[in-house]
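S.K.: So that you have it, the file is entry-v4.txt, and it contains compact mmCIF, C-alpha atoms and all ligand atoms:
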# COMPACT_ATOMS: atom_id res chain seq x y z
CA MET A 1 23.23 -17.29 -36.69
CA ALA A 2 21.52 -14.88 -34.30
CA ALA A 3 20.94 -11.34 -35.54
CA PRO A 4 23.49 -8.90 -34.12
CA GLU A 5 22.36 -6.95 -31.08
CA PRO A 6 21.71 -3.27 -31.81
CA PRO A 7 24.28 -1.04 -30.13
CA ARG A 8 23.39 -0.20 -26.55
CA GLY A 9 21.38 3.00 -26.43
CA ALA A 10 20.46 2.85 -30.12
CA ARG A 11 16.78 2.57 -29.29
CA PRO A 12 15.92 4.62 -26.21
CA TRP A 13 12.33 4.53 -24.96
CA ARG A 14 10.62 7.59 -26.42
CA GLY A 15 7.53 8.00 -24.24
CA VAL A 16 4.09 6.63 -24.99
CA ILE A 17 3.09 9.08 -27.73
CA GLU A 18 6.11 8.32 -29.92
CA GLU A 19 6.02 4.61 -29.10
CA TYR A 20 2.31 4.22 -29.91
CA ARG A 21 1.65 7.27 -32.11
CA SER A 22 -0.65 5.57 -34.62
CA TRP A 23 -2.96 4.44 -31.79
CA LEU A 24 -3.36 7.88 -30.25
CA PRO A 25 -5.38 11.00 -31.10
CA VAL A 26 -2.34 13.05 -32.19
CA ASP A 27 -1.13 14.16 -35.60
CA ALA A 28 2.16 15.35 -37.02
CA ASP A 29 1.51 18.90 -35.76
CA THR A 30 0.71 17.98 -32.16
CA PRO A 31 3.52 19.25 -29.91
CA VAL A 32 4.59 16.24 -27.86
CA VAL A 33 4.93 17.03 -24.15
CA SER A 34 6.69 14.00 -22.69
CA LEU A 35 8.83 12.99 -19.73
CA GLY A 36 9.62 9.59 -21.24
CA GLU A 37 6.66 7.92 -19.50
CA GLY A 38 5.64 4.30 -20.05
CA GLY A 39 7.91 1.36 -20.78
CA THR A 40 7.47 0.31 -17.16
CA PRO A 41 8.70 -3.09 -15.93
CA LEU A 42 6.53 -6.20 -15.98
CA VAL A 43 7.92 -8.04 -12.97
CA ARG A 44 7.16 -11.70 -12.24
CA SER A 45 5.94 -12.29 -8.69
CA ALA A 46 7.21 -15.61 -7.37
CA TRP A 47 4.91 -15.82 -4.33
CA LEU A 48 1.76 -14.84 -6.24
CA SER A 49 2.65 -17.31 -9.01
CA GLU A 50 3.02 -20.02 -6.39
CA LEU A 51 -0.17 -18.95 -4.62
CA THR A 52 -2.24 -19.11 -7.80
CA ARG A 53 -0.35 -22.04 -9.34
CA GLY A 54 -0.08 -19.81 -12.40
CA GLU A 55 2.13 -17.04 -13.76
CA VAL A 56 1.62 -13.66 -12.10
CA HIS A 57 3.30 -10.47 -13.27
CA LEU A 58 3.17 -6.99 -11.77
CA LYS A 59 2.96 -3.97 -14.07
CA VAL A 60 4.95 -1.55 -11.95
CA GLU A 61 3.48 1.84 -12.79
CA GLY A 62 5.22 3.59 -9.92
CA ASP A 63 8.23 3.61 -12.25
CA ASN A 64 6.69 6.38 -14.34
CA PRO A 65 8.29 9.85 -14.16
CA THR A 66 5.97 11.23 -11.49
CA GLY A 67 5.50 7.86 -9.80
CA SER A 68 2.11 6.73 -11.11
CA PHE A 69 0.26 5.52 -14.20
CA LYS A 70 -1.28 8.97 -14.58
CA ASP A 71 1.69 10.09 -16.69
CA ARG A 72 0.49 7.98 -19.63
CA GLY A 73 -2.76 9.88 -19.85
CA MET A 74 -1.19 13.21 -19.00
CA THR A 75 1.37 13.23 -21.83
CA ALA A 76 -1.57 12.78 -24.20
CA ALA A 77 -3.96 15.23 -22.51
CA ILE A 78 -1.40 18.02 -22.07
CA SER A 79 -0.06 17.61 -25.62
CA VAL A 80 -3.58 17.91 -27.04
CA ALA A 81 -4.39 20.83 -24.71
CA VAL A 82 -1.31 22.69 -25.99
CA ALA A 83 -2.29 21.92 -29.59
CA GLU A 84 -5.72 23.40 -28.88
CA GLY A 85 -4.19 26.60 -27.52
CA ALA A 86 -4.81 26.09 -23.80
CA LYS A 87 -2.96 28.42 -21.45
CA ALA A 88 -4.17 26.91 -18.17
CA VAL A 89 -5.24 23.43 -17.09
CA VAL A 90 -7.31 22.23 -14.16
CA CYS A 91 -7.93 18.90 -12.45
CA ALA A 92 -9.49 17.46 -9.34
CA SER A 93 -7.31 14.89 -7.67
CA THR A 94 -6.66 12.58 -4.77
CA GLY A 95 -2.99 13.43 -5.43
CA ASN A 96 -1.54 11.47 -8.31
CA THR A 97 -3.38 13.15 -11.15
CA SER A 98 -2.32 16.51 -9.73
CA ALA A 99 1.32 15.39 -9.33
CA SER A 100 1.33 14.30 -12.95
CA MET A 101 -0.63 17.19 -14.41
CA THR A 102 1.52 19.81 -12.73
CA ALA A 103 4.73 18.19 -14.01
CA TYR A 104 3.54 18.07 -17.62
CA ALA A 105 2.00 21.54 -17.36
CA ALA A 106 5.30 22.91 -16.03
CA ARG A 107 7.08 21.38 -19.01
CA ALA A 108 4.59 22.87 -21.44
CA GLY A 109 4.55 26.31 -19.80
CA LEU A 110 0.86 26.03 -18.86
CA THR A 111 -0.62 27.31 -15.61
CA PRO A 112 -1.72 24.31 -13.51
CA ILE A 113 -4.66 24.62 -11.13
CA VAL A 114 -5.38 21.64 -8.85
CA LEU A 115 -8.29 20.96 -6.52
CA VAL A 116 -7.65 18.42 -3.78
CA PRO A 117 -9.61 17.24 -0.73
CA HIS A 118 -8.55 19.27 2.30
CA GLY A 119 -6.11 17.34 4.49
CA ARG A 120 -6.67 14.02 2.76
CA ILE A 121 -3.86 13.74 0.25
CA ALA A 122 -0.50 12.10 0.90
CA ALA A 123 2.31 14.55 1.65
CA GLY A 124 4.56 13.32 -1.17
CA LYS A 125 1.88 14.05 -3.75
CA MET A 126 1.27 17.50 -2.33
CA ALA A 127 5.02 18.18 -2.45
CA GLN A 128 5.08 17.22 -6.13
CA ALA A 129 2.36 19.73 -7.04
CA VAL A 130 4.12 22.44 -5.04
CA MET A 131 7.49 21.75 -6.69
CA HIS A 132 5.91 21.93 -10.14
CA GLY A 133 4.60 25.39 -9.35
CA ALA A 134 0.90 24.65 -9.13
CA GLU A 135 -1.90 26.72 -7.72
CA VAL A 136 -3.08 24.18 -5.13
CA ILE A 137 -6.62 24.69 -3.86
CA GLN A 138 -7.75 22.54 -0.95
CA VAL A 139 -11.48 22.01 -0.91
CA ARG A 140 -13.51 21.29 2.22
CA GLY A 141 -15.01 18.15 0.74
CA GLY A 142 -13.92 15.00 -1.02
CA PHE A 143 -12.71 14.17 -4.52
CA ASP A 144 -16.24 14.14 -5.89
CA GLU A 145 -16.81 17.77 -4.88
CA CYS A 146 -13.39 18.71 -6.28
CA LEU A 147 -14.37 17.20 -9.63
CA GLN A 148 -17.62 19.16 -9.70
CA ILE A 149 -15.71 22.38 -9.17
CA SER A 150 -13.14 21.48 -11.86
CA ARG A 151 -15.91 20.87 -14.34
CA GLY A 152 -17.53 24.15 -13.35
CA LEU A 153 -14.28 26.07 -13.86
CA ALA A 154 -13.66 24.47 -17.27
CA ASP A 155 -17.25 25.22 -18.34
CA SER A 156 -17.10 28.91 -17.47
CA TYR A 157 -13.46 29.96 -17.66
CA PRO A 158 -10.57 29.63 -20.15
CA VAL A 159 -9.05 26.54 -18.60
CA ALA A 160 -8.84 22.98 -19.99
CA LEU A 161 -10.06 20.06 -17.86
CA VAL A 162 -7.62 17.14 -17.78
CA ASN A 163 -9.40 14.73 -15.47
CA SER A 164 -10.13 11.36 -17.01
CA VAL A 165 -13.53 12.65 -18.13
CA ASN A 166 -11.29 14.08 -20.86
CA PRO A 167 -11.26 11.10 -23.28
CA VAL A 168 -7.68 11.80 -24.37
CA ARG A 169 -6.53 10.70 -20.90
CA LEU A 170 -7.94 7.21 -21.37
CA GLN A 171 -6.34 7.01 -24.80
CA GLY A 172 -2.92 7.61 -23.25
CA GLN A 173 -3.56 5.23 -20.37
CA LYS A 174 -4.55 2.36 -22.68
CA THR A 175 -0.88 2.07 -23.71
CA ALA A 176 -0.20 0.09 -20.52
CA ALA A 177 -2.35 -2.72 -21.93
CA PHE A 178 -0.38 -2.56 -25.19
CA GLU A 179 2.90 -2.88 -23.29
CA ILE A 180 1.68 -5.93 -21.38
CA VAL A 181 0.77 -7.72 -24.61
CA ASP A 182 4.00 -6.58 -26.30
CA VAL A 183 6.08 -8.02 -23.46
CA LEU A 184 4.15 -11.25 -22.84
CA GLY A 185 3.63 -11.87 -26.55
CA ALA A 186 -0.05 -12.51 -25.80
CA ALA A 187 -2.86 -11.10 -23.70
CA PRO A 188 -3.03 -12.41 -20.13
CA ASP A 189 -6.02 -14.52 -19.07
CA LEU A 190 -6.81 -12.17 -16.23
CA HIS A 191 -5.85 -8.57 -15.50
CA LEU A 192 -6.42 -7.02 -12.07
CA LEU A 193 -6.23 -3.41 -10.95
CA PRO A 194 -7.54 -0.90 -8.38
CA VAL A 195 -10.64 1.16 -9.22
CA GLY A 196 -11.19 4.72 -8.00
CA ASN A 197 -12.58 7.21 -10.50
CA ALA A 198 -12.77 4.17 -12.82
CA GLY A 199 -10.82 5.68 -15.72
CA ASN A 200 -7.96 3.22 -15.70
CA ILE A 201 -10.00 0.02 -15.92
CA SER A 202 -11.87 1.63 -18.81
CA ALA A 203 -8.59 2.55 -20.49
CA TYR A 204 -7.15 -0.96 -20.15
CA TRP A 205 -10.26 -2.39 -21.76
CA ILE A 206 -9.88 -0.01 -24.72
CA GLY A 207 -6.24 -1.08 -25.06
CA PHE A 208 -6.74 -4.83 -24.80
CA ARG A 209 -9.71 -4.67 -27.17
CA GLU A 210 -7.91 -2.58 -29.78
CA TYR A 211 -4.93 -4.96 -29.84
CA ALA A 212 -7.26 -7.95 -30.26
CA GLU A 213 -9.24 -6.22 -33.02
CA ALA A 214 -5.98 -5.41 -34.83
CA GLY A 215 -4.90 -9.05 -34.61
CA LEU A 216 -2.00 -8.28 -32.26
CA ALA A 217 -3.51 -10.47 -29.54
CA ALA A 218 -5.60 -13.60 -29.99
CA SER A 219 -7.77 -12.86 -26.97
CA THR A 220 -8.69 -10.27 -24.35
CA PRO A 221 -8.32 -10.77 -20.60
CA ARG A 222 -11.09 -10.78 -18.04
CA LEU A 223 -10.77 -7.55 -16.07
CA TRP A 224 -11.06 -7.70 -12.29
CA GLY A 225 -11.26 -4.30 -10.60
CA PHE A 226 -11.11 -3.67 -6.86
CA GLN A 227 -12.48 -0.76 -4.87
CA ALA A 228 -11.82 -0.10 -1.20
CA ALA A 229 -14.68 -1.40 0.94
CA GLY A 230 -15.37 2.06 2.39
CA ALA A 231 -15.44 3.60 -1.08
CA ALA A 232 -17.12 0.99 -3.26
CA PRO A 233 -19.96 2.66 -5.15
CA ILE A 234 -19.77 0.39 -8.19
CA VAL A 235 -19.87 -2.73 -6.02
CA ARG A 236 -22.84 -1.39 -4.07
CA GLY A 237 -24.59 -0.02 -7.14
CA GLU A 238 -25.03 3.47 -5.69
CA PRO A 239 -22.89 6.51 -4.91
CA VAL A 240 -21.22 6.56 -1.50
CA PRO A 241 -21.79 10.02 0.01
CA ASP A 242 -18.91 9.93 2.49
CA PRO A 243 -16.29 7.49 1.19
CA ASP A 244 -13.55 6.49 3.59
CA THR A 245 -10.43 4.36 3.21
CA VAL A 246 -6.76 4.37 4.15
CA ALA A 247 -6.15 4.16 0.39
CA THR A 248 -6.74 7.88 -0.13
CA ALA A 249 -5.98 7.67 -3.86
CA ILE A 250 -9.21 5.71 -4.41
CA ARG A 251 -11.35 7.48 -1.84
CA ILE A 252 -14.07 8.28 -4.37
CA GLY A 253 -17.83 7.91 -3.92
CA ASN A 254 -19.16 8.70 -7.37
CA PRO A 255 -16.68 7.71 -10.11
CA ALA A 256 -16.79 9.70 -13.34
CA SER A 257 -16.20 6.65 -15.56
CA TRP A 258 -18.73 4.47 -13.70
CA ARG A 259 -20.61 3.31 -16.82
CA LEU A 260 -17.44 2.72 -18.85
CA ALA A 261 -16.04 0.61 -16.01
CA GLU A 262 -19.20 -1.48 -15.83
CA ALA A 263 -18.98 -1.99 -19.59
CA ALA A 264 -15.33 -3.05 -19.29
CA ARG A 265 -16.30 -5.47 -16.53
CA ASP A 266 -19.23 -6.97 -18.42
CA GLU A 267 -17.74 -7.09 -21.92
CA SER A 268 -14.56 -8.72 -20.59
CA GLY A 269 -16.49 -11.24 -18.48
CA GLY A 270 -14.88 -9.76 -15.38
CA ARG A 271 -15.90 -8.40 -12.00
CA ILE A 272 -15.57 -5.37 -9.73
CA ASP A 273 -15.36 -6.18 -6.04
CA ALA A 274 -14.31 -4.61 -2.76
CA VAL A 275 -11.31 -5.25 -0.52
CA THR A 276 -10.98 -4.03 3.07
CA ASP A 277 -8.34 -1.60 4.29
CA GLU A 278 -6.77 -4.45 6.21
CA GLN A 279 -6.49 -6.59 3.08
CA ILE A 280 -5.04 -3.61 1.19
CA LEU A 281 -2.39 -2.89 3.86
CA THR A 282 -1.46 -6.57 4.10
CA ALA A 283 -1.02 -6.77 0.33
CA GLN A 284 1.05 -3.58 0.41
CA ARG A 285 3.39 -5.10 2.99
CA GLU A 286 3.65 -8.40 1.09
CA LEU A 287 4.54 -6.58 -2.12
CA GLY A 288 7.25 -4.70 -0.29
CA SER A 289 8.70 -7.60 1.64
CA ARG A 290 8.33 -10.41 -0.93
CA ASP A 291 8.59 -8.72 -4.32
CA GLY A 292 10.73 -5.71 -3.43
CA VAL A 293 8.04 -3.49 -4.91
CA PHE A 294 7.01 -0.58 -2.69
CA VAL A 295 3.59 0.76 -3.62
CA GLU A 296 1.15 3.14 -2.05
CA PRO A 297 -1.90 1.56 -0.36
CA ALA A 298 -4.39 2.07 -3.23
CA SER A 299 -1.94 0.43 -5.61
CA ALA A 300 -2.10 -2.83 -3.67
CA ALA A 301 -5.87 -3.27 -4.13
CA GLY A 302 -5.47 -5.57 -7.15
CA VAL A 303 -3.08 -7.83 -5.28
CA ALA A 304 -5.39 -7.83 -2.24
CA GLY A 305 -8.21 -8.82 -4.57
CA LEU A 306 -6.23 -11.67 -6.09
CA VAL A 307 -5.26 -13.07 -2.70
CA ALA A 308 -8.90 -12.94 -1.54
CA ALA A 309 -10.10 -14.60 -4.75
CA VAL A 310 -7.55 -17.42 -4.39
CA GLN A 311 -8.66 -17.96 -0.79
CA ALA A 312 -12.26 -18.15 -2.00
CA GLY A 313 -11.27 -20.78 -4.57
CA GLU A 314 -12.14 -18.48 -7.48
CA VAL A 315 -8.87 -18.62 -9.41
CA ASP A 316 -8.22 -21.60 -11.67
CA PRO A 317 -4.65 -22.90 -11.73
CA GLY A 318 -2.45 -22.39 -14.78
CA LEU A 319 -3.54 -18.85 -15.65
CA THR A 320 -1.37 -16.00 -16.85
CA ILE A 321 -2.31 -13.09 -14.61
CA THR A 322 -1.17 -9.48 -14.71
CA ILE A 323 -1.79 -6.92 -11.98
CA THR A 324 -1.27 -3.19 -12.25
CA VAL A 325 0.35 -1.71 -9.17
CA THR A 326 -0.51 1.88 -9.88
CA GLY A 327 1.71 4.20 -7.84
CA HIS A 328 4.95 4.43 -5.87
CA GLY A 329 5.10 3.84 -2.12
CA LEU A 330 7.32 6.86 -1.54
CA LYS A 331 4.37 9.12 -2.17
CA ASP A 332 2.84 8.15 1.17
CA THR A 333 5.47 7.16 3.72
CA GLU A 334 3.27 8.24 6.61
CA THR A 335 0.78 5.42 6.07
CA ALA A 336 3.59 2.94 5.44
CA LEU A 337 5.28 3.78 8.73
CA ARG A 338 2.12 3.95 10.82
CA GLY A 339 2.27 1.45 13.66
CA VAL A 340 5.78 0.17 13.00
CA ASP A 341 7.50 2.07 15.85
CA SER A 342 8.08 -1.15 17.74
CA ILE A 343 10.01 -2.61 14.80
CA VAL A 344 12.28 0.30 13.98
CA ASP A 345 12.99 1.75 17.43
CA SER A 346 16.04 -0.28 18.42
CA VAL A 347 18.34 2.56 19.36
CA ILE A 348 21.84 1.44 20.30
CA ASP A 349 25.27 2.90 20.92
CA ALA A 350 27.75 2.72 18.04
CA ASP A 351 28.85 -0.84 18.80
CA VAL A 352 29.05 -3.99 16.64
CA GLU A 353 28.08 -6.39 19.43
CA ALA A 354 25.04 -4.32 20.34
CA ALA A 355 23.97 -4.20 16.68
CA ALA A 356 24.46 -7.98 16.38
CA GLU A 357 22.32 -8.53 19.44
CA VAL A 358 19.33 -6.44 18.37
CA ALA A 359 19.62 -7.85 14.83
CA GLY A 360 19.34 -11.35 16.26
CA LEU A 361 22.76 -12.37 14.87
CA ALA A 362 24.48 -12.95 18.20
N1 LIG B 401 -4.26 3.87 -7.93
C1 LIG B 401 -3.75 5.08 -7.68
C2 LIG B 401 -2.40 5.15 -7.06
C3 LIG B 401 -4.47 6.24 -8.03
O1 LIG B 401 -3.95 7.42 -7.78
C4 LIG B 401 -5.75 6.10 -8.60
C5 LIG B 401 -6.54 7.27 -8.94
C6 LIG B 401 -6.22 4.80 -8.83
C7 LIG B 401 -5.46 3.73 -8.49
C8 LIG B 401 -7.55 4.55 -9.44
O2 LIG B 401 -7.57 4.81 -10.82
O3 LIG B 401 -9.29 6.57 -10.82
O4 LIG B 401 -8.56 5.50 -12.93
O5 LIG B 401 -9.91 4.23 -11.27
N2 LIG B 401 -6.21 8.46 -8.64
C9 LIG B 401 -6.91 9.66 -9.09
C10 LIG B 401 -6.10 10.89 -8.72
C11 LIG B 401 -8.33 9.72 -8.70
O6 LIG B 401 -6.69 11.97 -8.57
O7 LIG B 401 -4.90 10.81 -8.62
P1 LIG B 401 -8.90 5.30 -11.50
Show the structure stored in the file as C-alpha cells.
Ligand code: F0G
M.R.:
Amino acid sequence: MAAPEPPRGARPWRGVIEEYRSWLPVDADTPVVSLGEGGTPLVRSAWLSELTRGEVHLKVEGDNPTGSFKDRGMTAAISVAVAEGAKAVVCASTGNTSASMTAYAARAGLTPIVLVPHGRIAAGKMAQAVMHGAEVIQVRGGFDECLQISRGLADSYPVALVNSVNPVRLQGQKTAAFEIVDVLGAAPDLHLLPVGNAGNISAYWIGFREYAEAGLAASTPRLWGFQAAGAAPIVRGEPVPDPDTVATAIRIGNPASWRLAEAARDESGGRIDAVTDEQILTAQRELGSRDGVFVEPASAAGVAGLVAAVQAGEVDPGLTITITVTGHGLKDTETALRGVDSIVDSVIDADVEAAAEVAGLA
C-alpha cells in the first residue's frame, strides 16, 4: 500500500538556507534573512526535447521572489553580512543583483547602496531597487567600472560587498544545481546557462560537484555557458573594453569570476561560447510562445546556445539536458515590445464582428 500523503501545507518550502543548511556557510546563530527563494520549477520543454531528440528541462529562475536567480546567493550573503555586524551593503549591478540585494537588505534593515551603469538597466529592475529604498547611484560607465567602485567603497568604508566576488554568494547559488538533481533523481548530461560576470556557472559547478562527491549523484554534467557576442571576453580570451548587447544583464567586459568559470568549463568537459543578439531575441520569443515562459533577453542565452549547437550537429540524441533561464521577462518589457507595433496595433470599435475579422476568425 502506498504511504499516505502528508497533509497539504505540512511541508512548505523554507528558502534555500533552511532547505540546504548543512551545505552552506551558516551556523545555528546566523540570522536567516529569507524571502522563501529557491524551489523553482523544472519545466519540461516539448519543442527543445523534440529538437534535440532528448529530454530538455528549463530551470525557471524568474520564479524567485525578486524575479531572478540572484535571490539564492543574496539570502546567504545578506544573512552572513548581518551575522558579521554589517550596517550597509553595496553592489555593482546590471540590475538583477541590485533588485535582489535591495529586497534582502530592506528585510534585514540594512542600508543598500547600488551602483548601476547609467541609462543601461531595464526599467523594471530600477523600479525594484527604488521600491526597496535603495541609494541608487548611476555611474557614467559600464558594469565593470561599477564593480571597481563597489570594491573601492568596501575596502575603505564600513560597507559589505555582496557582489559574487563575495564567495558566500556562490555558495547560495549552488543550491540550484542541488534542486535539479533532487528533482531529476540524477545529474543531467548537459547543463546550459548564460554567462555574464561568470559567478553562476561557477556556482553550478560547485553544486554539481559537491552532490557527486557526497554520492547524491553518480555523475556531473558538462557545463555549457553562453556569452553575448558583443560581450564575450571569455570566448575571446581577453577583456572587452566596451561591451555591447541587447541582453543588458550580461553586458560585462571583464567578469570577476573569469578563472572560476574557465575551471568549471574545463573540469566539467564543457564549453563557453557566444550567441548573437539575434539568436538571443529569437530564443526569448520561442520560450515565450512555445513554452509559456517569459524571460528577459539575457536569460535566453542558454536556449539560444542549445539551438545553435543542435544546428551545428554538436548535440548527441538521447541526452538529459537542463537549461537555466535566469530572470523574468517582466523586468524588461521595453525590449520585449520593441518592433512589435505592427502586431499589436489593431485598434477597433467595440464590436464582435470587427474583433473576429482582425483576429482572423471570420
Ligand atoms: N542572467 C541574468 C538575468 C543576469 O542578471 C545575470 C547577471 C546573468 C544571467 C549572468 O550571471 O553574472 O553569474 O554570469 N547579472 C548580474 C547583475 C551581473 O548585476 O544582476 P553571472
S.K.: Scan for residues within 6 Å of the point (-6.5, 19.9, -12.6) in the coordinates of the file, using all atoms listed in the file, and reply as a list in words.
M.R.: Val89, Val90, Cys91, Ala92, Ile113, Val114 and Val162 of chain A
S.K.: Could you name the residues that touch Asp242 of chain A at 12 Å or less, counting only C-alpha atoms, but leaving out those on the same chain fewer than 6 positions away, as a VMD selection string?
M.R.: chain A and resid 141 to 145 230 to 233 251 to 254
S.K.: When you draw a straight line from atom CA of Glu18 of chain A to atom CA of Gln128 of chain A, how long is it in Å?
M.R.: 25.4 Å
S.K.: What is the atom CA of Ile17 of chain A-atom CA of Ala177 of chain A distance in Å, reported with one decimal?
M.R.: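 Between atom CA of Ile17 of chain A and atom CA of Ala177 of chain A the gap is 14.2 Å.
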S.K.: For Val159 of chain A, please output as a ChimeraX atom specification all residues within 9 Å (counting only C-alpha atoms; exclusion window: fewer than 4 positions along the same chain).
M.R.: /A:86-90,111,113,153-155
S.K.: Taking only C-alpha atoms and all ligand atoms into account, produce a table as CSV in which each residue of chain A with an atom at most 6 Å from an atom of ligand LIG 401 (chain B) appears once, together with its shortest atom pair and the distance in Å to one decimal, ordered by chain and rising number.
M.R.:
residue,atom,partner,partner_atom,distance
A:Ser93,CA,B:LIG401,O6,3.1
A:Thr94,CA,B:LIG401,O6,3.8
A:Gly95,CA,B:LIG401,O7,4.5
A:Asn96,CA,B:LIG401,O7,3.4
A:Thr97,CA,B:LIG401,O7,3.8
A:Pro194,CA,B:LIG401,C7,5.1
A:Val195,CA,B:LIG401,O5,3.8
A:Gly196,CA,B:LIG401,O5,3.5
A:Asn197,CA,B:LIG401,O3,3.4
A:Ala198,CA,B:LIG401,O5,3.3
A:Gly199,CA,B:LIG401,O4,3.6
A:Asn200,CA,B:LIG401,O4,3.6
A:Ala249,CA,B:LIG401,O1,4.4
A:Ile250,CA,B:LIG401,C6,5.4
A:Ala298,CA,B:LIG401,N1,5.0
A:Ser299,CA,B:LIG401,N1,4.8
A:Thr326,CA,B:LIG401,N1,4.7
A:Gly327,CA,B:LIG401,C2,4.3
S.K.: Could you pull the residues within 10 Å of Glu286 of chain A, counting all atoms listed in the file, minus those fewer than 3 positions along the same chain, as a compact mmCIF listing (two decimals) with C-alpha atoms, keeping the file's coordinate frame?
M.R.:
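Generated output (out_0.txt):
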# COMPACT_ATOMS: atom_id res chain seq x y z
CA TRP A 47 4.91 -15.82 -4.33
CA LEU A 48 1.76 -14.84 -6.24
CA ILE A 280 -5.04 -3.61 1.19
CA LEU A 281 -2.39 -2.89 3.86
CA THR A 282 -1.46 -6.57 4.10
CA ALA A 283 -1.02 -6.77 0.33
CA SER A 289 8.70 -7.60 1.64
CA ARG A 290 8.33 -10.41 -0.93
CA ASP A 291 8.59 -8.72 -4.32
CA GLY A 292 10.73 -5.71 -3.43
CA VAL A 293 8.04 -3.49 -4.91
CA PHE A 294 7.01 -0.58 -2.69
CA ALA A 300 -2.10 -2.83 -3.67
CA VAL A 303 -3.08 -7.83 -5.28
CA ALA A 304 -5.39 -7.83 -2.24
S.K.: For Arg44 of chain A, which residue out of A:Val347, A:Ala105, A:Leu287, A:Val340 is the nearest one, using all atoms listed in the file?
M.R.: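 Checking each of A:Val347, A:Ala105, A:Leu287, A:Val340 against Arg44 of chain A, counting all atoms listed in the file, the winner is A:Leu287.
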S.K.: Excluding Asp189 of chain A and residues on its chain fewer than 3 positions from it, collect all residues at most 12 Å away from it, counting only C-alpha atoms, and give them as a ChimeraX atom specification.
M.R.: /A:54-57,180-181,184,186,192,208,217-224,268-270,315-323
S.K.: Which residues come within 8 Å of segment 27-42 of chain A, counting only C-alpha atoms, excluding same-chain residues fewer than 2 positions away, as a PyMOL selection string?
M.R.: chain A and resi 13-17+25+44+57-61+63-65+71-72+75-76+78-80+82-83+104+107-108+175-176+179-180+183
S.K.: What gap, in Å, lies between atom CA of Ser22 of chain A and atom CA of Pro188 of chain A?
M.R.: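 For atom CA of Ser22 of chain A relative to atom CA of Pro188 of chain A, the distance reads 23.2 Å.
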S.K.: Which of these residues is nearest to Gln279 of chain A, using all atoms listed in the file: A:Ala263, A:Ala123, A:Ala106, A:Val307?
M.R.: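 Answer, going by the shortest atom-to-atom distance: A:Val307.
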S.K.: Taking all atoms listed in the file into account, which of A:Asn166, A:Gln173, A:Ser45, A:Thr66 comes nearest His328 of chain A?
M.R.: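 Looking only at the distances to His328 of chain A, the closest residue turns out to be A:Thr66.
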S.K.: Please list, as a PyMOL selection string, the residues that have an atom at most 7 Å away from (-6.3, 24.0, 2.8) in the coordinates of this file, counting only C-alpha atoms.
M.R.: chain A and resi 118-119+137-139
S.K.: Just checking: using all atoms listed in the file, which residue out of A:Val240, A:Leu216, A:Leu190, A:Ala362 ends up closest to Gly302 of chain A?
M.R.: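 Counting all atoms listed in the file, the residue closest to Gly302 of chain A is A:Leu190.
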S.K.: Can you put all heavy atoms back into segment 295-299 of chain A and show it as a short mmCIF file (atom, residue, chain, number, x, y, z; two decimals), in the frame of the given file?
M.R.:
data_model
loop_
_atom_site.label_atom_id
_atom_site.label_comp_id
_atom_site.auth_asym_id
_atom_site.auth_seq_id
_atom_site.Cartn_x
_atom_site.Cartn_y
_atom_site.Cartn_z
N VAL A 295 4.70 0.03 -3.00
CA VAL A 295 3.59 0.76 -3.62
C VAL A 295 2.81 1.52 -2.56
O VAL A 295 2.89 1.22 -1.37
CB VAL A 295 2.63 -0.21 -4.36
CG1 VAL A 295 3.38 -1.00 -5.42
CG2 VAL A 295 1.91 -1.15 -3.38
N GLU A 296 2.04 2.47 -3.00
CA GLU A 296 1.15 3.14 -2.05
C GLU A 296 -0.07 2.24 -1.80
O GLU A 296 -0.33 1.32 -2.59
CB GLU A 296 0.76 4.52 -2.56
CG GLU A 296 -0.06 4.51 -3.84
CD GLU A 296 -0.66 5.88 -4.12
OE1 GLU A 296 -1.55 6.28 -3.35
OE2 GLU A 296 -0.23 6.53 -5.10
N PRO A 297 -0.82 2.49 -0.71
CA PRO A 297 -1.90 1.56 -0.36
C PRO A 297 -2.87 1.26 -1.51
O PRO A 297 -3.13 0.09 -1.82
CB PRO A 297 -2.60 2.26 0.81
CG PRO A 297 -1.51 3.07 1.45
CD PRO A 297 -0.63 3.52 0.32
N ALA A 298 -3.40 2.29 -2.16
CA ALA A 298 -4.39 2.07 -3.23
C ALA A 298 -3.85 1.11 -4.29
O ALA A 298 -4.59 0.30 -4.85
CB ALA A 298 -4.77 3.40 -3.88
N SER A 299 -2.56 1.21 -4.53
CA SER A 299 -1.94 0.43 -5.61
C SER A 299 -1.95 -1.05 -5.32
O SER A 299 -1.77 -1.87 -6.22
CB SER A 299 -0.49 0.88 -5.80
OG SER A 299 -0.46 2.26 -6.06
#
